[in-house]
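Containing PDB, C-alpha atoms, pLDDT in the B column: upload-v7.pdb.
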MODEL        1
ATOM      1  CA  ASP K 136     -23.531 -13.049 -30.332  1.00 82.00           C
ATOM      2  CA  ASN K 137     -24.847 -16.481 -31.412  1.00 90.00           C
ATOM      3  CA  ILE K 138     -21.397 -17.474 -32.629  1.00 92.00           C
ATOM      4  CA  ARG K 139     -19.967 -16.664 -29.211  1.00 91.00           C
ATOM      5  CA  VAL K 140     -22.616 -18.807 -27.467  1.00 91.00           C
ATOM      6  CA  ILE K 141     -21.990 -21.694 -29.882  1.00 91.00           C
ATOM      7  CA  GLY K 142     -18.238 -21.368 -29.345  1.00 91.00           C
ATOM      8  CA  ILE K 143     -18.599 -21.463 -25.563  1.00 90.00           C
ATOM      9  CA  ALA K 144     -20.950 -24.452 -25.806  1.00 90.00           C
ATOM     10  CA  LEU K 145     -18.439 -26.311 -27.991  1.00 91.00           C
ATOM     11  CA  ILE K 146     -15.603 -25.595 -25.568  1.00 92.00           C
ATOM     12  CA  ILE K 147     -17.697 -26.841 -22.632  1.00 89.00           C
ATOM     13  CA  ALA K 148     -18.724 -29.969 -24.557  1.00 89.00           C
ATOM     14  CA  LEU K 149     -15.109 -30.684 -25.515  1.00 89.00           C
ATOM     15  CA  PHE K 150     -13.965 -30.209 -21.915  1.00 88.00           C
ATOM     16  CA  LEU K 151     -16.674 -32.561 -20.626  1.00 86.00           C
ATOM     17  CA  ARG K 152     -15.811 -35.250 -23.190  1.00 84.00           C
ATOM     18  CA  LEU K 153     -12.051 -35.045 -22.653  1.00 85.00           C
ATOM     19  CA  PHE K 154     -12.010 -34.897 -18.857  1.00 86.00           C
ATOM     20  CA  ILE K 155     -15.363 -35.848 -17.313  1.00 92.00           C
ATOM     21  CA  ALA K 156     -17.358 -38.412 -19.323  1.00 95.00           C
ATOM     22  CA  GLU K 157     -17.932 -39.623 -22.851  1.00 95.00           C
ATOM     23  CA  PRO K 158     -20.360 -41.845 -24.724  1.00 95.00           C
ATOM     24  CA  ARG K 159     -19.164 -45.160 -26.159  1.00 96.00           C
ATOM     25  CA  TYR K 160     -20.747 -47.985 -28.094  1.00 95.00           C
ATOM     26  CA  ILE K 161     -20.207 -51.725 -27.696  1.00 97.00           C
ATOM     27  CA  PRO K 162     -18.703 -53.124 -30.933  1.00 95.00           C
ATOM     28  CA  SER K 163     -18.389 -56.812 -30.030  1.00 96.00           C
ATOM     29  CA  GLY K 164     -19.933 -59.640 -28.043  1.00 97.00           C
ATOM     30  CA  SER K 165     -17.076 -59.985 -25.548  1.00 97.00           C
ATOM     31  CA  MET K 166     -19.198 -58.555 -22.704  1.00 98.00           C
ATOM     32  CA  LEU K 167     -22.360 -60.581 -23.386  1.00 97.00           C
ATOM     33  CA  PRO K 168     -24.768 -60.953 -21.682  1.00 97.00           C
ATOM     34  CA  THR K 169     -24.099 -57.793 -19.617  1.00 97.00           C
ATOM     35  CA  LEU K 170     -23.580 -55.536 -22.632  1.00 98.00           C
ATOM     36  CA  GLN K 171     -25.052 -56.288 -26.049  1.00 97.00           C
ATOM     37  CA  ILE K 172     -23.535 -55.380 -29.414  1.00 97.00           C
ATOM     38  CA  ASN K 173     -24.430 -51.747 -30.252  1.00 96.00           C
ATOM     39  CA  ASP K 174     -25.394 -50.827 -26.675  1.00 98.00           C
ATOM     40  CA  ARG K 175     -24.447 -47.245 -25.852  1.00 98.00           C
ATOM     41  CA  ILE K 176     -22.805 -46.435 -22.529  1.00 98.00           C
ATOM     42  CA  ILE K 177     -21.402 -43.483 -20.612  1.00 97.00           C
ATOM     43  CA  VAL K 178     -17.797 -43.796 -19.439  1.00 98.00           C
ATOM     44  CA  GLU K 179     -16.907 -41.517 -16.547  1.00 98.00           C
ATOM     45  CA  LYS K 180     -13.276 -40.451 -16.177  1.00 97.00           C
ATOM     46  CA  VAL K 181     -13.199 -38.753 -12.775  1.00 96.00           C
ATOM     47  CA  SER K 182     -13.557 -41.433 -10.076  1.00 95.00           C
ATOM     48  CA  TYR K 183     -10.163 -43.052 -10.712  1.00 96.00           C
ATOM     49  CA  LEU K 184      -8.470 -39.726  -9.993  1.00 94.00           C
ATOM     50  CA  PHE K 185      -9.613 -40.150  -6.372  1.00 95.00           C
ATOM     51  CA  ASN K 186     -10.231 -43.900  -5.935  1.00 96.00           C
ATOM     52  CA  GLN K 187      -8.621 -47.123  -7.077  1.00 97.00           C
ATOM     53  CA  PRO K 188     -10.450 -49.356  -9.571  1.00 98.00           C
ATOM     54  CA  GLN K 189     -12.378 -52.147  -7.846  1.00 98.00           C
ATOM     55  CA  ARG K 190     -13.034 -55.780  -8.691  1.00 98.00           C
ATOM     56  CA  GLY K 191     -16.193 -56.170 -10.740  1.00 98.00           C
ATOM     57  CA  GLU K 192     -16.162 -52.711 -12.286  1.00 98.00           C
ATOM     58  CA  ILE K 193     -16.499 -52.525 -16.058  1.00 99.00           C
ATOM     59  CA  ILE K 194     -13.803 -50.344 -17.590  1.00 99.00           C
ATOM     60  CA  VAL K 195     -12.856 -48.954 -20.983  1.00 98.00           C
ATOM     61  CA  PHE K 196      -9.140 -48.937 -21.750  1.00 98.00           C
ATOM     62  CA  TYR K 197      -6.479 -49.013 -24.427  1.00 97.00           C
ATOM     63  CA  PRO K 198      -5.091 -52.552 -24.636  1.00 95.00           C
ATOM     64  CA  PRO K 199      -1.403 -53.113 -23.900  1.00 93.00           C
ATOM     65  CA  ASN K 200       1.101 -53.889 -26.620  1.00 86.00           C
ATOM     66  CA  ALA K 201       0.914 -57.639 -27.132  1.00 81.00           C
ATOM     67  CA  PRO K 202       1.403 -60.010 -30.072  1.00 76.00           C
ATOM     68  CA  THR K 203      -2.303 -60.966 -30.011  1.00 75.00           C
ATOM     69  CA  ILE K 204      -3.495 -57.336 -30.339  1.00 82.00           C
ATOM     70  CA  SER K 205      -3.279 -55.858 -33.818  1.00 82.00           C
ATOM     71  CA  ASP K 206      -4.490 -52.331 -33.014  1.00 86.00           C
ATOM     72  CA  THR K 207      -3.820 -50.776 -29.608  1.00 87.00           C
ATOM     73  CA  SER K 208      -5.530 -47.508 -30.600  1.00 90.00           C
ATOM     74  CA  LYS K 209      -9.034 -49.029 -30.401  1.00 94.00           C
ATOM     75  CA  PRO K 210     -10.417 -49.110 -26.853  1.00 96.00           C
ATOM     76  CA  TYR K 211     -11.574 -52.355 -25.236  1.00 97.00           C
ATOM     77  CA  ILE K 212     -14.223 -52.863 -22.573  1.00 98.00           C
ATOM     78  CA  LYS K 213     -13.854 -55.591 -19.911  1.00 98.00           C
ATOM     79  CA  ARG K 214     -14.565 -56.317 -16.258  1.00 99.00           C
ATOM     80  CA  ILE K 215     -11.849 -55.994 -13.584  1.00 99.00           C
ATOM     81  CA  ILE K 216     -11.221 -59.419 -12.049  1.00 98.00           C
ATOM     82  CA  GLY K 217      -7.794 -59.051 -10.442  1.00 97.00           C
ATOM     83  CA  LEU K 218      -6.355 -56.148  -8.463  1.00 98.00           C
ATOM     84  CA  PRO K 219      -2.654 -55.456  -7.827  1.00 98.00           C
ATOM     85  CA  GLY K 220      -1.198 -58.314  -5.765  1.00 97.00           C
ATOM     86  CA  ASP K 221      -4.046 -60.752  -6.485  1.00 97.00           C
ATOM     87  CA  ARG K 222      -3.279 -64.314  -7.571  1.00 96.00           C
ATOM     88  CA  ILE K 223      -5.465 -65.388 -10.504  1.00 94.00           C
ATOM     89  CA  SER K 224      -5.975 -68.937 -11.727  1.00 91.00           C
ATOM     90  CA  ILE K 225      -8.508 -70.754 -13.874  1.00 90.00           C
ATOM     91  CA  HIS K 226      -9.200 -74.450 -13.544  1.00 86.00           C
ATOM     92  CA  ASP K 227     -12.209 -76.731 -13.816  1.00 85.00           C
ATOM     93  CA  SER K 228     -14.073 -73.916 -15.648  1.00 88.00           C
ATOM     94  CA  GLN K 229     -13.794 -71.627 -12.628  1.00 92.00           C
ATOM     95  CA  VAL K 230     -11.901 -68.357 -12.088  1.00 94.00           C
ATOM     96  CA  PHE K 231     -10.100 -68.180  -8.739  1.00 95.00           C
ATOM     97  CA  VAL K 232      -8.850 -65.014  -7.041  1.00 97.00           C
ATOM     98  CA  ASN K 233      -6.418 -65.595  -4.176  1.00 98.00           C
ATOM     99  CA  ASP K 234      -7.345 -69.305  -4.147  1.00 95.00           C
ATOM    100  CA  ARG K 235     -11.080 -68.558  -3.738  1.00 97.00           C
ATOM    101  CA  PRO K 236     -13.619 -69.218  -6.494  1.00 96.00           C
ATOM    102  CA  LEU K 237     -15.033 -65.998  -7.906  1.00 96.00           C
ATOM    103  CA  GLN K 238     -18.839 -66.041  -7.837  1.00 94.00           C
ATOM    104  CA  GLU K 239     -19.851 -64.718 -11.245  1.00 94.00           C
ATOM    105  CA  SER K 240     -23.574 -64.621 -11.972  1.00 93.00           C
ATOM    106  CA  TYR K 241     -22.967 -62.206 -14.859  1.00 95.00           C
ATOM    107  CA  ILE K 242     -20.943 -64.421 -17.244  1.00 95.00           C
ATOM    108  CA  ALA K 243     -22.324 -65.939 -20.452  1.00 91.00           C
ATOM    109  CA  GLU K 244     -20.769 -69.347 -19.735  1.00 91.00           C
ATOM    110  CA  ALA K 245     -17.902 -70.742 -17.704  1.00 89.00           C
ATOM    111  CA  PRO K 246     -14.464 -70.594 -19.313  1.00 89.00           C
ATOM    112  CA  SER K 247     -13.643 -73.655 -21.393  1.00 87.00           C
ATOM    113  CA  TYR K 248      -9.910 -73.055 -20.962  1.00 82.00           C
ATOM    114  CA  ASN K 249      -7.448 -73.524 -18.135  1.00 75.00           C
ATOM    115  CA  LEU K 250      -4.701 -71.460 -19.706  1.00 66.00           C
ATOM    116  CA  LEU K 251      -3.450 -68.178 -18.359  1.00 69.00           C
ATOM    117  CA  PHE K 252      -0.968 -65.763 -19.801  1.00 65.00           C
ATOM    118  CA  SER K 253       2.116 -65.293 -17.702  1.00 53.00           C
ATOM    119  CA  PRO K 254       5.442 -63.686 -18.528  1.00 53.00           C
ATOM    120  CA  GLN K 255       7.184 -66.985 -17.746  1.00 48.00           C
ATOM    121  CA  ASN K 256       4.843 -68.967 -20.002  1.00 48.00           C
ATOM    122  CA  GLN K 257       4.261 -66.887 -23.122  1.00 49.00           C
ATOM    123  CA  ASP K 258       3.881 -69.996 -25.274  1.00 47.00           C
ATOM    124  CA  LYS K 259       0.997 -71.229 -23.045  1.00 46.00           C
ATOM    125  CA  THR K 260       2.254 -74.790 -22.793  1.00 38.00           C
ATOM    126  CA  GLN K 261       1.138 -75.207 -19.183  1.00 44.00           C
ATOM    127  CA  SER K 262      -2.360 -75.103 -17.804  1.00 46.00           C
ATOM    128  CA  SER K 263      -3.872 -74.137 -14.465  1.00 47.00           C
ATOM    129  CA  GLN K 264      -0.950 -71.938 -13.480  1.00 76.00           C
ATOM    130  CA  THR K 265      -1.343 -68.892 -11.307  1.00 86.00           C
ATOM    131  CA  ALA K 266      -0.648 -65.333 -12.416  1.00 88.00           C
ATOM    132  CA  THR K 267       0.096 -62.657  -9.811  1.00 92.00           C
ATOM    133  CA  VAL K 268      -1.077 -59.182 -10.782  1.00 95.00           C
ATOM    134  CA  PRO K 269       1.849 -56.733 -10.509  1.00 95.00           C
ATOM    135  CA  PRO K 270       1.638 -53.277  -8.887  1.00 98.00           C
ATOM    136  CA  ASN K 271      -0.292 -50.654 -10.884  1.00 97.00           C
ATOM    137  CA  SER K 272      -1.838 -53.350 -13.085  1.00 97.00           C
ATOM    138  CA  TYR K 273      -5.124 -55.226 -13.353  1.00 98.00           C
ATOM    139  CA  TRP K 274      -6.458 -58.541 -14.650  1.00 96.00           C
ATOM    140  CA  VAL K 275      -9.494 -57.926 -16.874  1.00 97.00           C
ATOM    141  CA  MET K 276     -11.848 -60.383 -18.567  1.00 97.00           C
ATOM    142  CA  GLY K 277     -14.890 -60.196 -20.796  1.00 97.00           C
ATOM    143  CA  ASP K 278     -18.150 -61.574 -19.426  1.00 98.00           C
ATOM    144  CA  ASN K 279     -18.382 -63.758 -22.534  1.00 97.00           C
ATOM    145  CA  ARG K 280     -15.335 -65.679 -21.310  1.00 94.00           C
ATOM    146  CA  ASN K 281     -14.846 -68.021 -24.272  1.00 93.00           C
ATOM    147  CA  TYR K 282     -15.074 -65.232 -26.863  1.00 94.00           C
ATOM    148  CA  SER K 283     -13.026 -62.466 -25.288  1.00 94.00           C
ATOM    149  CA  ASN K 284      -9.526 -61.228 -26.098  1.00 93.00           C
ATOM    150  CA  ASP K 285      -8.550 -60.304 -22.551  1.00 94.00           C
ATOM    151  CA  SER K 286      -5.946 -60.780 -19.812  1.00 92.00           C
ATOM    152  CA  HIS K 287      -6.054 -64.573 -20.093  1.00 90.00           C
ATOM    153  CA  VAL K 288      -4.648 -64.068 -23.622  1.00 87.00           C
ATOM    154  CA  TRP K 289      -2.393 -61.001 -23.385  1.00 89.00           C
ATOM    155  CA  GLY K 290      -1.642 -60.495 -19.709  1.00 89.00           C
ATOM    156  CA  PHE K 291      -1.883 -57.592 -17.331  1.00 93.00           C
ATOM    157  CA  LEU K 292      -3.447 -54.200 -18.004  1.00 97.00           C
ATOM    158  CA  PRO K 293      -1.361 -51.223 -16.842  1.00 97.00           C
ATOM    159  CA  LYS K 294      -3.394 -48.699 -14.836  1.00 98.00           C
ATOM    160  CA  GLU K 295      -2.319 -45.851 -17.120  1.00 97.00           C
ATOM    161  CA  ASN K 296      -4.164 -47.526 -20.028  1.00 97.00           C
ATOM    162  CA  ILE K 297      -7.549 -47.095 -18.306  1.00 98.00           C
ATOM    163  CA  ILE K 298      -9.793 -44.455 -19.896  1.00 98.00           C
ATOM    164  CA  GLY K 299     -12.607 -44.696 -17.372  1.00 98.00           C
ATOM    165  CA  ARG K 300     -15.403 -46.675 -15.752  1.00 98.00           C
ATOM    166  CA  ALA K 301     -18.545 -47.666 -17.613  1.00 98.00           C
ATOM    167  CA  CYS K 302     -21.317 -46.318 -15.409  1.00 97.00           C
ATOM    168  CA  LEU K 303     -24.540 -46.078 -17.425  1.00 96.00           C
ATOM    169  CA  ARG K 304     -26.157 -47.883 -20.334  1.00 97.00           C
ATOM    170  CA  PHE K 305     -28.293 -45.243 -22.059  1.00 96.00           C
ATOM    171  CA  TRP K 306     -29.298 -47.015 -25.273  1.00 93.00           C
ATOM    172  CA  PRO K 307     -31.397 -48.838 -26.239  1.00 91.00           C
ATOM    173  CA  PHE K 308     -34.459 -47.944 -24.165  1.00 86.00           C
ATOM    174  CA  ASP K 309     -35.588 -51.559 -23.917  1.00 87.00           C
ATOM    175  CA  GLY K 310     -35.618 -52.224 -20.200  1.00 85.00           C
ATOM    176  CA  ARG K 311     -31.829 -52.558 -19.968  1.00 89.00           C
ATOM    177  CA  PHE K 312     -31.332 -48.793 -19.574  1.00 92.00           C
ATOM    178  CA  GLY K 313     -29.644 -48.051 -16.259  1.00 94.00           C
ATOM    179  CA  TRP K 314     -26.588 -47.948 -14.034  1.00 95.00           C
ATOM    180  CA  LEU K 315     -23.802 -50.511 -14.505  1.00 96.00           C
ATOM    181  CA  ASN K 316     -23.115 -51.265 -10.855  1.00 94.00           C
ATOM    182  CA  PRO K 317     -20.393 -53.788  -9.996  1.00 93.00           C
ATOM    183  CA  PRO K 318     -21.480 -57.062  -8.391  1.00 93.00           C
ATOM    184  CA  GLN K 319     -21.064 -57.644  -4.667  1.00 88.00           C
ATOM    185  CA  TYR K 320     -18.558 -60.466  -4.138  1.00 82.00           C
TER     186      TYR K 320
ENDMDL
END
Can you dump the structure from the file as structure tokens?
Amino acid sequence: DNIRVIGIALIIALFLRLFIAEPRYIPSGSMLPTLQINDRIIVEKVSYLFNQPQRGEIIVFYPPNAPTISDTSKPYIKRIIGLPGDRISIHDSQVFVNDRPLQESYIAEAPSYNLLFSPQNQDKTQSSQTATVPPNSYWVMGDNRNYSNDSHVWGFLPKENIIGRACLRFWPFDGRFGWLNPPQY
């Protein structure tokens, strides 16, 4: 009887992890100061079945195939900056979305680069160009702008690569425990 209960519990746990939510840890400093190295978070997988990802949300995803990414099987975590159809540019240490400066109180420091990836400029010889996010894709960036391997390096993130939305930091219990709500722009 106990084996049956344990078996059912394992099946429920597996179902929840595969389809509803899963714990993750933060392995790098690319999301500083919002997320610290070794923070533990919950990633929920349900909301994007019913709603589109929104600017400012923190997502976990498999990176696209790109020359600057050595292992596409390890998930990344970044913030959504550009939605399908948005025009993204970076100049004078400021990110612009549709020609408007993005107000970002959450970043570690302003970007020290003006270069953007674009399919027409894969060698990055131009600066301050604009990239238009294609349909079913997103522009994602780490909050630690100058130390993040993100869309400014490798380009657009296809929607199908998204695992889910980071919604809760549950470890450590040091006053940073809580919901990861997107900023209001």
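Nearest residue to Pro162 in chain K among K:Asp174, K:Asp206, K:Asp136, K:Asp309 is K:Asp174, counting only C-alpha atoms.
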Practice problem: Could you expand the PyMOL selection byres ((chain K and resi 292) around 9) into the explicit residues it covers here, written as a ChimeraX atom specification? | Solution: /K:196-199,271-275,286,289-291,293-297
File of the preceding selection, C-alpha atoms, as a CSV table (one decimal), in the frame of the given file:
chain,number,residue,atom,x,y,z
K,196,PHE,CA,-9.1,-48.9,-21.8
K,197,TYR,CA,-6.5,-49.0,-24.4
K,198,PRO,CA,-5.1,-52.6,-24.6
K,199,PRO,CA,-1.4,-53.1,-23.9
K,271,ASN,CA,-0.3,-50.7,-10.9
K,272,SER,CA,-1.8,-53.4,-13.1
K,273,TYR,CA,-5.1,-55.2,-13.4
K,274,TRP,CA,-6.5,-58.5,-14.6
K,275,VAL,CA,-9.5,-57.9,-16.9
K,286,SER,CA,-5.9,-60.8,-19.8
K,289,TRP,CA,-2.4,-61.0,-23.4
K,290,GLY,CA,-1.6,-60.5,-19.7
K,291,PHE,CA,-1.9,-57.6,-17.3
K,293,PRO,CA,-1.4,-51.2,-16.8
K,294,LYS,CA,-3.4,-48.7,-14.8
K,295,GLU,CA,-2.3,-45.9,-17.1
K,296,ASN,CA,-4.2,-47.5,-20.0
K,297,ILE,CA,-7.5,-47.1,-18.3
Practice problem: Counting only C-alpha atoms, write as a ChimeraX atom specification all protein and nucleic acid residues lying at most 9 Å from (-17.7, -58.3, -14.7) in the file's frame. | Solution: /K:166,169,190-193,213-216,239,241-242,275-278,317-318
Atoms kept (C-alpha atoms) for selection, written as a PDB file, in the frame of the given file:
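Dumped everything to selection-v2.pdb:
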ATOM      1  CA  MET K 166     -19.198 -58.555 -22.704  1.00 98.00           C
ATOM      2  CA  THR K 169     -24.099 -57.793 -19.617  1.00 97.00           C
ATOM      3  CA  ARG K 190     -13.034 -55.780  -8.691  1.00 98.00           C
ATOM      4  CA  GLY K 191     -16.193 -56.170 -10.740  1.00 98.00           C
ATOM      5  CA  GLU K 192     -16.162 -52.711 -12.286  1.00 98.00           C
ATOM      6  CA  ILE K 193     -16.499 -52.525 -16.058  1.00 99.00           C
ATOM      7  CA  LYS K 213     -13.854 -55.591 -19.911  1.00 98.00           C
ATOM      8  CA  ARG K 214     -14.565 -56.317 -16.258  1.00 99.00           C
ATOM      9  CA  ILE K 215     -11.849 -55.994 -13.584  1.00 99.00           C
ATOM     10  CA  ILE K 216     -11.221 -59.419 -12.049  1.00 98.00           C
ATOM     11  CA  GLU K 239     -19.851 -64.718 -11.245  1.00 94.00           C
ATOM     12  CA  TYR K 241     -22.967 -62.206 -14.859  1.00 95.00           C
ATOM     13  CA  ILE K 242     -20.943 -64.421 -17.244  1.00 95.00           C
ATOM     14  CA  VAL K 275      -9.494 -57.926 -16.874  1.00 97.00           C
ATOM     15  CA  MET K 276     -11.848 -60.383 -18.567  1.00 97.00           C
ATOM     16  CA  GLY K 277     -14.890 -60.196 -20.796  1.00 97.00           C
ATOM     17  CA  ASP K 278     -18.150 -61.574 -19.426  1.00 98.00           C
ATOM     18  CA  PRO K 317     -20.393 -53.788  -9.996  1.00 93.00           C
ATOM     19  CA  PRO K 318     -21.480 -57.062  -8.391  1.00 93.00           C
TER      20      PRO K 318
END
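Applied to this file, the PyMOL selection byres ((chain K and resi 314) around 10) selects Ile176, Ile177, Ala301, Cys302, Leu303, Arg304, Phe305, Arg311, Phe312, Gly313, Leu315, Asn316 and Pro317 of chain K.
CA of Val195 in chain K sits 6.4 Å away from CA of Pro210 in chain K.
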Practice problem: Mind giving me the straight-line distance from CA of Val178 in chain K to CA of Arg300 in chain K in Å, one decimal? | Solution: 5.3 Å
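Contact shell of Arg235 in chain K at 12 Å (only C-alpha atoms; same-chain neighbours under 2 positions omitted): Asp221, Arg222, Ile223, Ser224, Ile225, His226, Gln229, Val230, Phe231, Val232, Asn233, Leu237, Gln238 and Tyr320 of chain K.
Atom pair CA of Lys180 in chain K / CA of Arg139 in chain K has a distance of 27.9 Å (rounded to one decimal).
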Any chance you could work out the axis-aligned box around range 267-276 of chain K, listed atoms only, 4 Å on each side, giving centre and edge lengths in Å to one decimal, as JSON?
{"center_x": -5.0, "center_y": -56.7, "center_z": -13.7, "size_x": 21.7, "size_y": 20.0, "size_z": 17.7}
The PyMOL selection byres ((chain K and resi 165) around 6) applied to the shown file, residues as an mmCIF file with C-alpha atoms, in the frame of the given file:
data_model
loop_
_atom_site.group_PDB
_atom_site.id
_atom_site.type_symbol
_atom_site.label_atom_id
_atom_site.label_comp_id
_atom_site.auth_asym_id
_atom_site.auth_seq_id
_atom_site.Cartn_x
_atom_site.Cartn_y
_atom_site.Cartn_z
ATOM 1 C CA SER K 163 -18.389 -56.812 -30.030
ATOM 2 C CA GLY K 164 -19.933 -59.640 -28.043
ATOM 3 C CA MET K 166 -19.198 -58.555 -22.704
ATOM 4 C CA LEU K 167 -22.360 -60.581 -23.386
ATOM 5 C CA GLY K 277 -14.890 -60.196 -20.796
ATOM 6 C CA ASN K 279 -18.382 -63.758 -22.534
ATOM 7 C CA TYR K 282 -15.074 -65.232 -26.863
ATOM 8 C CA SER K 283 -13.026 -62.466 -25.288
#
